[in-house]
Structures are given as C-alpha cells and as structure tokens.
Amino acid sequence: MTSVVLLLPAPARFGAQRWQPDVARAFGRADVVAHASGRRAQLARHVALPGDSWPLAALSRQVDVGDAAVDGAAWLRADPAWLRPDINGVRLMGHGDTLGLTQADVDALLPALQPVFADAGFVLDAPSPARWYLRLPGDVRVPMFPDPSDALGTDLADHDEDAGPEARRWRALGTEAQVLLHNHSWNARRLASGLPPVNALWFWGGGVLPAVAGVAAASTQTYTGDATLHALAAQSGTVEALPDALPALRAGALFDLVGLRDLRQLQQDWLRPALDALADGRIATLVIDDEAGEVRTLRRRHRLRVWRRAWAPHAATDA
C-alpha cells in the first residue's frame, strides 16, 4: 500500500513558530527511532549506495551533463563558496545556489582557477554556475570531505581532522584557490553590488559513478528542489519538482520539505493533508524524518494510542 515520506528540517529551524495541538497529538502517537543527524545522514536513510561511498559529484554530474560514466574518471565537486573569518575561526557562510551566481561569474572566475588544477592533473569546469566539478583520474584517493549543507555556518576547524598526505594536498590546492579568488577583481564587483564574494571552493562528494543497480532509493517517486537529492534519486527512480502542497497519490512517494521555514505552511499544506489521507485509508504509512535524526512512523491504527503524549519538537509546542 501507499507510503509517504516527508523529509523535514531540524525543528530548531522553525525558531519560535508554534506547532498546532492536533498535529502535535497525532505525531505523538507514532513509532519513533533516533538516527544520526545532518542532511547527509538523512538522505542516506532513503537512498542506499554501495558500501560507505558518497559519490555525489559523479551522480550530479550525470544529471547535469551525462558524461560521468566515462572510463577511468572520478569526480569531485568544487563548488564556489563564501568563507568569512570571525573571532573564533573561519566559517562557511554560503555555497553554490545560495550565492546567487550567474554565468557571468563563471566566465570571470573559472579561467583564473583552471590552471591551478591543470598543474595537478585535474580538469575543472562548471556546467552550472552553482555546481563546479573536478575530473580526476579514477585511482586518485580523495578524503571524505563534509557536505556543504552540513558544514554551513560552522567553523572550518571542526571539519579538519584528517592529517594524511592526501588531505594536506587538497588543503594546499584549496588555499591556492582562495588566494586567487581573494585577489580577483570580480569579487570587488560582487561586493559593490551587494552580493557575497566567491572566495573559496568547497570540495566534496568525491568518487566514481556507481552502477544503477548499486543505487537503491526507498521510493520510486521523489519530489525535491534539491540538486543533491535529485542526483541520488534519479539513478533508480523518477524525480519531479516539489509541488506547493501534498498531491493526490496513487503510489508511494518521498517529498523533500527541508527547505521550508514557514511552519504554518508546512502544517496546513503538508502535515494535515497527510494525516487526513492516513485517517481515511488513502495512504497506509506516513513517515516524517527530520534533519535532527528523529524518524516518526505513523500508521492508521496508531490513532488509538490516546495515552501517548503530544509530540514536542521544542519548547514552543502548543500541546
């Protein structure tokens, strides 16, 4: 029967917005399992990849260009990023889509960076202003870099634990790129226009393209506006843009709502319609999985658990 999965942001993302009592009571009756937190961990719960690999660069390259399967090639994302120093260190403040990049930015910045990586034997290109790629020989060892979505707002020192020679090599390449970008006149133009600078590249998602048979999505139908989930799910299912509200369903589906910040909209357009569909039997199972790592599974029979306490994602809950 039909199963619906809703991926939600961590409850803290909603700040002081209030959960409605009926929604909190309904989800308080669900089965609850705690998992690892973070966006990568959330996605990995719904799309299985071979071993412990996370080859997001190859997967997104295949969606963007279609050439990721070329023999002997591995891929690494080298996305444009904005780093900002503060009293406690250096923080990732923006990356990719969040920087408002255009093709003009690519045309200005990419040629200055390409020789740096060509000297190391790598090819840097940018088929999308927000997604830049390094093509590497398939046998190059690449550290397990953090995803930018999990590092956003954090101090770079929190992610700099690998002291091996490969990590040092990539730190050196990253530093050279930062120097070039910091001194580039194009960034002065961006700042004068009220835009953040592109003063770094964020490496992540390295690996070779896995075989389609090695990628298993929990749902054959995914709705998302996120390029990372799109790349993951497209290998073994169908991906469509996220609609404005929960649509009528004939089969199971996963909806990526992590980008929502309006709690009223989330409850009105998604959670209540999903609870109604569960109550009248149009769906058999409703799963909500948040970035904080809490997964709640609700079935129709769970409405009888009237003794359960209401769900309290944070202190501002109305229940």
# chains A, B, ... in the order shown; residues from 1 in each chain; ligands from 1

call {"tool": "residues_around", "arguments": {"residues": "Gly205 in chain A", "least_positions_apart": "5", "cutoff": "12 Å", "atoms": "only C-alpha atoms", "output": "MDAnalysis selection string"}}
result
chainID A and resid 40 52:61 74:79 131:134 142:149 228 231:232

call {"tool": "write_last_selection", "arguments": {"atoms": "N, CA and C atoms", "output": "mmCIF file, in the first residue's frame"}}
result
data_model
loop_
_atom_site.group_PDB
_atom_site.id
_atom_site.type_symbol
_atom_site.label_atom_id
_atom_site.label_comp_id
_atom_site.auth_asym_id
_atom_site.auth_seq_id
_atom_site.Cartn_x
_atom_site.Cartn_y
_atom_site.Cartn_z
ATOM 1 N N ARG A 40 23.327 14.723 5.172
ATOM 2 C CA ARG A 40 23.850 13.526 4.522
ATOM 3 C C ARG A 40 23.257 12.280 5.160
ATOM 4 N N ASP A 52 30.299 2.379 1.882
ATOM 5 C CA ASP A 52 30.177 3.666 2.576
ATOM 6 C C ASP A 52 30.429 4.834 1.628
ATOM 7 N N SER A 53 30.262 4.611 0.332
ATOM 8 C CA SER A 53 30.576 5.650 -0.647
ATOM 9 C C SER A 53 29.539 6.770 -0.613
ATOM 10 N N TRP A 54 29.954 7.933 -1.085
ATOM 11 C CA TRP A 54 29.060 9.080 -1.182
ATOM 12 C C TRP A 54 29.460 9.879 -2.430
ATOM 13 N N PRO A 55 29.330 9.267 -3.627
ATOM 14 C CA PRO A 55 29.845 9.888 -4.855
ATOM 15 C C PRO A 55 28.878 10.897 -5.461
ATOM 16 N N LEU A 56 28.537 11.906 -4.677
ATOM 17 C CA LEU A 56 27.541 12.877 -5.129
ATOM 18 C C LEU A 56 28.003 13.657 -6.342
ATOM 19 N N ALA A 57 29.314 13.878 -6.454
ATOM 20 C CA ALA A 57 29.808 14.612 -7.615
ATOM 21 C C ALA A 57 29.515 13.849 -8.902
ATOM 22 N N ALA A 58 29.801 12.555 -8.918
ATOM 23 C CA ALA A 58 29.544 11.753 -10.116
ATOM 24 C C ALA A 58 28.051 11.672 -10.411
ATOM 25 N N LEU A 59 27.236 11.506 -9.375
ATOM 26 C CA LEU A 59 25.792 11.401 -9.578
ATOM 27 C C LEU A 59 25.206 12.707 -10.108
ATOM 28 N N SER A 60 25.611 13.838 -9.534
ATOM 29 C CA SER A 60 25.068 15.106 -10.015
ATOM 30 C C SER A 60 25.634 15.459 -11.387
ATOM 31 N N ARG A 61 26.886 15.054 -11.653
ATOM 32 C CA ARG A 61 27.463 15.270 -12.979
ATOM 33 C C ARG A 61 26.663 14.516 -14.037
ATOM 34 N N ALA A 74 37.056 9.757 -12.090
ATOM 35 C CA ALA A 74 36.351 10.028 -10.846
ATOM 36 C C ALA A 74 36.015 11.511 -10.834
ATOM 37 N N TRP A 75 35.110 11.888 -9.942
ATOM 38 C CA TRP A 75 34.631 13.267 -9.930
ATOM 39 C C TRP A 75 34.617 13.810 -8.514
ATOM 40 N N LEU A 76 34.840 15.101 -8.395
ATOM 41 C CA LEU A 76 34.787 15.790 -7.116
ATOM 42 C C LEU A 76 34.097 17.122 -7.329
ATOM 43 N N ARG A 77 33.126 17.440 -6.481
ATOM 44 C CA ARG A 77 32.533 18.770 -6.547
ATOM 45 C C ARG A 77 33.534 19.776 -6.003
ATOM 46 N N ALA A 78 33.628 20.925 -6.666
ATOM 47 C CA ALA A 78 34.481 22.027 -6.226
ATOM 48 C C ALA A 78 33.625 23.288 -6.290
ATOM 49 N N ASP A 79 32.604 23.322 -5.464
ATOM 50 C CA ASP A 79 31.585 24.369 -5.571
ATOM 51 C C ASP A 79 32.094 25.718 -5.082
ATOM 52 N N ARG A 131 27.255 24.587 -9.538
ATOM 53 C CA ARG A 131 27.880 23.280 -9.355
ATOM 54 C C ARG A 131 29.112 23.181 -10.253
ATOM 55 N N TRP A 132 30.281 23.193 -9.624
ATOM 56 C CA TRP A 132 31.539 23.094 -10.334
ATOM 57 C C TRP A 132 32.149 21.721 -10.067
ATOM 58 N N TYR A 133 32.892 21.216 -11.042
ATOM 59 C CA TYR A 133 33.387 19.844 -10.968
ATOM 60 C C TYR A 133 34.867 19.755 -11.284
ATOM 61 N N LEU A 134 35.520 18.806 -10.600
ATOM 62 C CA LEU A 134 36.871 18.392 -10.951
ATOM 63 C C LEU A 134 36.814 16.971 -11.469
ATOM 64 N N VAL A 142 40.769 10.463 -2.504
ATOM 65 C CA VAL A 142 40.194 11.744 -2.092
ATOM 66 C C VAL A 142 39.655 11.598 -0.670
ATOM 67 N N PRO A 143 39.967 12.530 0.223
ATOM 68 C CA PRO A 143 39.420 12.451 1.585
ATOM 69 C C PRO A 143 37.897 12.530 1.584
ATOM 70 N N MET A 144 37.302 12.113 2.683
ATOM 71 C CA MET A 144 35.851 12.204 2.841
ATOM 72 C C MET A 144 35.510 13.607 3.328
ATOM 73 N N PHE A 145 35.331 14.525 2.382
ATOM 74 C CA PHE A 145 35.022 15.904 2.737
ATOM 75 C C PHE A 145 33.579 16.013 3.218
ATOM 76 N N PRO A 146 33.293 16.958 4.133
ATOM 77 C CA PRO A 146 31.911 17.154 4.577
ATOM 78 C C PRO A 146 31.063 17.811 3.492
ATOM 79 N N ASP A 147 29.790 17.467 3.461
ATOM 80 C CA ASP A 147 28.859 18.141 2.564
ATOM 81 C C ASP A 147 28.707 19.596 2.998
ATOM 82 N N PRO A 148 28.585 20.520 2.056
ATOM 83 C CA PRO A 148 28.427 21.929 2.444
ATOM 84 C C PRO A 148 27.162 22.191 3.253
ATOM 85 N N SER A 149 26.099 21.431 2.990
ATOM 86 C CA SER A 149 24.859 21.643 3.742
ATOM 87 C C SER A 149 25.040 21.329 5.219
ATOM 88 N N THR A 228 21.150 17.774 -4.790
ATOM 89 C CA THR A 228 21.798 16.583 -4.233
ATOM 90 C C THR A 228 20.841 15.401 -4.212
ATOM 91 N N ALA A 231 20.055 14.168 -7.707
ATOM 92 C CA ALA A 231 21.104 13.328 -8.276
ATOM 93 C C ALA A 231 21.058 11.913 -7.712
ATOM 94 N N LEU A 232 20.801 11.793 -6.418
ATOM 95 C CA LEU A 232 20.720 10.475 -5.791
ATOM 96 C C LEU A 232 19.522 9.678 -6.314
#

call {"tool": "atom_distance", "arguments": {"atom1": "CA of Leu110 in chain A", "atom2": "CA of Ala177 in chain A"}}
result
10.4 Å

call {"tool": "atom_distance", "arguments": {"atom1": "CA of Met93 in chain A", "atom2": "CA of Ala81 in chain A"}}
result
7.8 Å

call {"tool": "closest_residue", "arguments": {"among": "A:Gln17, A:Val5, A:Ala233, A:Arg135", "to": "Pro313 in chain A", "atoms": "only C-alpha atoms"}}
result
A:Gln17

call {"tool": "select_by_dssp", "arguments": {"residues": "range 242-281 of chain A", "states": "strand (DSSP E or B)", "output": "list of chain:residue names"}}
result
A:Ala253, A:Leu254, A:Phe255, A:Asp256

call {"tool": "closest_residue", "arguments": {"among": "A:Val208, A:Ala12, A:Leu156, A:Val287", "to": "Asp86 in chain A", "atoms": "only C-alpha atoms"}}
result
A:Leu156

call {"tool": "closest_residue", "arguments": {"among": "A:Gly100, A:Pro80, A:Gly225, A:Gly194", "to": "Asp244 in chain A", "atoms": "only C-alpha atoms"}}
result
A:Gly225

call {"tool": "atom_distance", "arguments": {"atom1": "CA of Glu176 in chain A", "atom2": "CA of Ala188 in chain A"}}
result
18.7 Å

call {"tool": "closest_residue", "arguments": {"among": "A:Leu266, A:His159, A:Ser236, A:Asn187", "to": "Ile288 in chain A", "atoms": "only C-alpha atoms"}}
result
A:Leu266

call {"tool": "residues_around", "arguments": {"residues": "Gly38 in chain A", "least_positions_apart": "2", "cutoff": "6 Å", "atoms": "only C-alpha atoms", "output": "list of chain:residue names"}}
result
A:Arg40, A:Ala41, A:Asp150, A:Glu291

call {"tool": "closest_residue", "arguments": {"among": "A:Val23, A:Ala274, A:Ala44, A:Leu99", "to": "Leu83 in chain A", "atoms": "only C-alpha atoms"}}
result
A:Leu99

call {"tool": "decode", "arguments": {"residues": "range 7-56 of chain A", "atoms": "N, CA and C atoms", "output": "PDB file, in the first residue's frame"}}
result
ATOM      1  N   LEU A   7      10.530  14.538   4.276  1.00  0.00           N
ATOM      2  CA  LEU A   7      11.798  14.958   4.858  1.00  0.00           C
ATOM      3  C   LEU A   7      11.643  16.386   5.357  1.00  0.00           C
ATOM      4  N   LEU A   8      11.922  16.596   6.642  1.00  0.00           N
ATOM      5  CA  LEU A   8      11.735  17.903   7.264  1.00  0.00           C
ATOM      6  C   LEU A   8      13.073  18.467   7.728  1.00  0.00           C
ATOM      7  N   PRO A   9      13.150  19.787   7.873  1.00  0.00           N
ATOM      8  CA  PRO A   9      14.333  20.359   8.505  1.00  0.00           C
ATOM      9  C   PRO A   9      14.358  20.009   9.986  1.00  0.00           C
ATOM     10  N   ALA A  10      15.485  20.263  10.636  1.00  0.00           N
ATOM     11  CA  ALA A  10      15.534  20.107  12.089  1.00  0.00           C
ATOM     12  C   ALA A  10      14.522  21.061  12.724  1.00  0.00           C
ATOM     13  N   PRO A  11      13.834  20.650  13.787  1.00  0.00           N
ATOM     14  CA  PRO A  11      12.820  21.518  14.408  1.00  0.00           C
ATOM     15  C   PRO A  11      13.348  22.895  14.794  1.00  0.00           C
ATOM     16  N   ALA A  12      14.622  22.983  15.138  1.00  0.00           N
ATOM     17  CA  ALA A  12      15.184  24.276  15.526  1.00  0.00           C
ATOM     18  C   ALA A  12      15.119  25.296  14.400  1.00  0.00           C
ATOM     19  N   ARG A  13      15.030  24.834  13.157  1.00  0.00           N
ATOM     20  CA  ARG A  13      14.960  25.749  12.013  1.00  0.00           C
ATOM     21  C   ARG A  13      13.691  26.609  12.039  1.00  0.00           C
ATOM     22  N   PHE A  14      12.674  26.163  12.772  1.00  0.00           N
ATOM     23  CA  PHE A  14      11.419  26.917  12.817  1.00  0.00           C
ATOM     24  C   PHE A  14      11.403  27.975  13.920  1.00  0.00           C
ATOM     25  N   GLY A  15      12.460  28.039  14.702  1.00  0.00           N
ATOM     26  CA  GLY A  15      12.560  29.070  15.727  1.00  0.00           C
ATOM     27  C   GLY A  15      11.397  29.038  16.696  1.00  0.00           C
ATOM     28  N   ALA A  16      10.767  30.192  16.903  1.00  0.00           N
ATOM     29  CA  ALA A  16       9.680  30.319  17.876  1.00  0.00           C
ATOM     30  C   ALA A  16       8.307  30.058  17.275  1.00  0.00           C
ATOM     31  N   GLN A  17       8.234  29.650  16.019  1.00  0.00           N
ATOM     32  CA  GLN A  17       6.931  29.331  15.430  1.00  0.00           C
ATOM     33  C   GLN A  17       6.307  28.159  16.191  1.00  0.00           C
ATOM     34  N   ARG A  18       4.983  28.127  16.222  1.00  0.00           N
ATOM     35  CA  ARG A  18       4.294  27.193  17.105  1.00  0.00           C
ATOM     36  C   ARG A  18       3.633  26.046  16.341  1.00  0.00           C
ATOM     37  N   TRP A  19       3.787  24.838  16.890  1.00  0.00           N
ATOM     38  CA  TRP A  19       3.118  23.661  16.351  1.00  0.00           C
ATOM     39  C   TRP A  19       1.693  23.628  16.875  1.00  0.00           C
ATOM     40  N   GLN A  20       0.755  23.254  16.013  1.00  0.00           N
ATOM     41  CA  GLN A  20      -0.646  23.207  16.396  1.00  0.00           C
ATOM     42  C   GLN A  20      -0.957  21.935  17.196  1.00  0.00           C
ATOM     43  N   PRO A  21      -1.874  22.024  18.171  1.00  0.00           N
ATOM     44  CA  PRO A  21      -2.121  20.888  19.065  1.00  0.00           C
ATOM     45  C   PRO A  21      -2.528  19.609  18.353  1.00  0.00           C
ATOM     46  N   ASP A  22      -3.381  19.699  17.305  1.00  0.00           N
ATOM     47  CA  ASP A  22      -3.843  18.479  16.643  1.00  0.00           C
ATOM     48  C   ASP A  22      -2.705  17.760  15.933  1.00  0.00           C
ATOM     49  N   VAL A  23      -1.795  18.525  15.334  1.00  0.00           N
ATOM     50  CA  VAL A  23      -0.639  17.928  14.654  1.00  0.00           C
ATOM     51  C   VAL A  23       0.295  17.297  15.678  1.00  0.00           C
ATOM     52  N   ALA A  24       0.561  18.016  16.759  1.00  0.00           N
ATOM     53  CA  ALA A  24       1.453  17.504  17.798  1.00  0.00           C
ATOM     54  C   ALA A  24       0.888  16.232  18.425  1.00  0.00           C
ATOM     55  N   ARG A  25      -0.432  16.189  18.665  1.00  0.00           N
ATOM     56  CA  ARG A  25      -1.036  14.983  19.242  1.00  0.00           C
ATOM     57  C   ARG A  25      -0.933  13.805  18.290  1.00  0.00           C
ATOM     58  N   ALA A  26      -1.210  14.045  17.017  1.00  0.00           N
ATOM     59  CA  ALA A  26      -1.182  12.951  16.041  1.00  0.00           C
ATOM     60  C   ALA A  26       0.204  12.330  15.944  1.00  0.00           C
ATOM     61  N   PHE A  27       1.228  13.158  15.832  1.00  0.00           N
ATOM     62  CA  PHE A  27       2.576  12.610  15.674  1.00  0.00           C
ATOM     63  C   PHE A  27       3.166  12.113  16.986  1.00  0.00           C
ATOM     64  N   GLY A  28       2.581  12.505  18.113  1.00  0.00           N
ATOM     65  CA  GLY A  28       2.994  11.927  19.380  1.00  0.00           C
ATOM     66  C   GLY A  28       2.642  10.454  19.488  1.00  0.00           C
ATOM     67  N   ARG A  29       1.737   9.963  18.651  1.00  0.00           N
ATOM     68  CA  ARG A  29       1.311   8.558  18.679  1.00  0.00           C
ATOM     69  C   ARG A  29       2.132   7.673  17.735  1.00  0.00           C
ATOM     70  N   ALA A  30       3.112   8.252  17.078  1.00  0.00           N
ATOM     71  CA  ALA A  30       3.912   7.498  16.102  1.00  0.00           C
ATOM     72  C   ALA A  30       4.984   6.650  16.780  1.00  0.00           C
ATOM     73  N   ASP A  31       5.502   5.664  16.049  1.00  0.00           N
ATOM     74  CA  ASP A  31       6.716   4.955  16.455  1.00  0.00           C
ATOM     75  C   ASP A  31       7.898   5.873  16.181  1.00  0.00           C
ATOM     76  N   VAL A  32       8.851   5.940  17.096  1.00  0.00           N
ATOM     77  CA  VAL A  32       9.964   6.878  16.994  1.00  0.00           C
ATOM     78  C   VAL A  32      11.291   6.142  17.058  1.00  0.00           C
ATOM     79  N   VAL A  33      12.193   6.483  16.129  1.00  0.00           N
ATOM     80  CA  VAL A  33      13.547   5.939  16.140  1.00  0.00           C
ATOM     81  C   VAL A  33      14.520   7.093  15.964  1.00  0.00           C
ATOM     82  N   ALA A  34      15.563   7.126  16.781  1.00  0.00           N
ATOM     83  CA  ALA A  34      16.592   8.167  16.681  1.00  0.00           C
ATOM     84  C   ALA A  34      17.733   7.675  15.789  1.00  0.00           C
ATOM     85  N   HIS A  35      18.158   8.535  14.870  1.00  0.00           N
ATOM     86  CA  HIS A  35      19.252   8.221  13.954  1.00  0.00           C
ATOM     87  C   HIS A  35      20.287   9.341  14.001  1.00  0.00           C
ATOM     88  N   ALA A  36      21.319   9.188  13.176  1.00  0.00           N
ATOM     89  CA  ALA A  36      22.335  10.232  13.073  1.00  0.00           C
ATOM     90  C   ALA A  36      21.714  11.499  12.499  1.00  0.00           C
ATOM     91  N   SER A  37      22.200  12.648  12.941  1.00  0.00           N
ATOM     92  CA  SER A  37      21.680  13.923  12.461  1.00  0.00           C
ATOM     93  C   SER A  37      22.467  14.406  11.250  1.00  0.00           C
ATOM     94  N   GLY A  38      21.927  15.430  10.580  1.00  0.00           N
ATOM     95  CA  GLY A  38      22.595  16.017   9.419  1.00  0.00           C
ATOM     96  C   GLY A  38      21.923  15.620   8.120  1.00  0.00           C
ATOM     97  N   ARG A  39      22.129  16.449   7.092  1.00  0.00           N
ATOM     98  CA  ARG A  39      21.493  16.225   5.806  1.00  0.00           C
ATOM     99  C   ARG A  39      22.008  14.956   5.130  1.00  0.00           C
ATOM    100  N   ARG A  40      23.327  14.723   5.172  1.00  0.00           N
ATOM    101  CA  ARG A  40      23.850  13.526   4.522  1.00  0.00           C
ATOM    102  C   ARG A  40      23.257  12.280   5.160  1.00  0.00           C
ATOM    103  N   ALA A  41      23.214  12.226   6.474  1.00  0.00           N
ATOM    104  CA  ALA A  41      22.659  11.065   7.159  1.00  0.00           C
ATOM    105  C   ALA A  41      21.183  10.898   6.827  1.00  0.00           C
ATOM    106  N   GLN A  42      20.456  12.012   6.735  1.00  0.00           N
ATOM    107  CA  GLN A  42      19.038  11.950   6.395  1.00  0.00           C
ATOM    108  C   GLN A  42      18.838  11.336   5.014  1.00  0.00           C
ATOM    109  N   LEU A  43      19.583  11.818   4.029  1.00  0.00           N
ATOM    110  CA  LEU A  43      19.438  11.294   2.676  1.00  0.00           C
ATOM    111  C   LEU A  43      19.859   9.834   2.592  1.00  0.00           C
ATOM    112  N   ALA A  44      20.908   9.467   3.325  1.00  0.00           N
ATOM    113  CA  ALA A  44      21.397   8.088   3.284  1.00  0.00           C
ATOM    114  C   ALA A  44      20.378   7.102   3.846  1.00  0.00           C
ATOM    115  N   ARG A  45      19.434   7.580   4.645  1.00  0.00           N
ATOM    116  CA  ARG A  45      18.394   6.688   5.147  1.00  0.00           C
ATOM    117  C   ARG A  45      17.395   6.297   4.064  1.00  0.00           C
ATOM    118  N   HIS A  46      17.392   7.035   2.951  1.00  0.00           N
ATOM    119  CA  HIS A  46      16.375   6.798   1.922  1.00  0.00           C
ATOM    120  C   HIS A  46      16.956   6.430   0.558  1.00  0.00           C
ATOM    121  N   VAL A  47      18.257   6.605   0.399  1.00  0.00           N
ATOM    122  CA  VAL A  47      18.926   6.197  -0.840  1.00  0.00           C
ATOM    123  C   VAL A  47      20.190   5.456  -0.459  1.00  0.00           C
ATOM    124  N   ALA A  48      20.241   4.164  -0.781  1.00  0.00           N
ATOM    125  CA  ALA A  48      21.393   3.337  -0.425  1.00  0.00           C
ATOM    126  C   ALA A  48      22.413   3.349  -1.552  1.00  0.00           C
ATOM    127  N   LEU A  49      23.692   3.520  -1.187  1.00  0.00           N
ATOM    128  CA  LEU A  49      24.800   3.493  -2.134  1.00  0.00           C
ATOM    129  C   LEU A  49      25.748   2.369  -1.761  1.00  0.00           C
ATOM    130  N   PRO A  50      26.569   1.925  -2.706  1.00  0.00           N
ATOM    131  CA  PRO A  50      27.480   0.806  -2.407  1.00  0.00           C
ATOM    132  C   PRO A  50      28.439   1.139  -1.275  1.00  0.00           C
ATOM    133  N   GLY A  51      28.554   0.218  -0.308  1.00  0.00           N
ATOM    134  CA  GLY A  51      29.492   0.412   0.780  1.00  0.00           C
ATOM    135  C   GLY A  51      29.226   1.692   1.538  1.00  0.00           C
ATOM    136  N   ASP A  52      30.299   2.379   1.882  1.00  0.00           N
ATOM    137  CA  ASP A  52      30.177   3.666   2.576  1.00  0.00           C
ATOM    138  C   ASP A  52      30.429   4.834   1.628  1.00  0.00           C
ATOM    139  N   SER A  53      30.262   4.611   0.332  1.00  0.00           N
ATOM    140  CA  SER A  53      30.576   5.650  -0.647  1.00  0.00           C
ATOM    141  C   SER A  53      29.539   6.770  -0.613  1.00  0.00           C
ATOM    142  N   TRP A  54      29.954   7.933  -1.085  1.00  0.00           N
ATOM    143  CA  TRP A  54      29.060   9.080  -1.182  1.00  0.00           C
ATOM    144  C   TRP A  54      29.460   9.879  -2.430  1.00  0.00           C
ATOM    145  N   PRO A  55      29.330   9.267  -3.627  1.00  0.00           N
ATOM    146  CA  PRO A  55      29.845   9.888  -4.855  1.00  0.00           C
ATOM    147  C   PRO A  55      28.878  10.897  -5.461  1.00  0.00           C
ATOM    148  N   LEU A  56      28.537  11.906  -4.677  1.00  0.00           N
ATOM    149  CA  LEU A  56      27.541  12.877  -5.129  1.00  0.00           C
ATOM    150  C   LEU A  56      28.003  13.657  -6.342  1.00  0.00           C
TER     151      LEU A  56
END
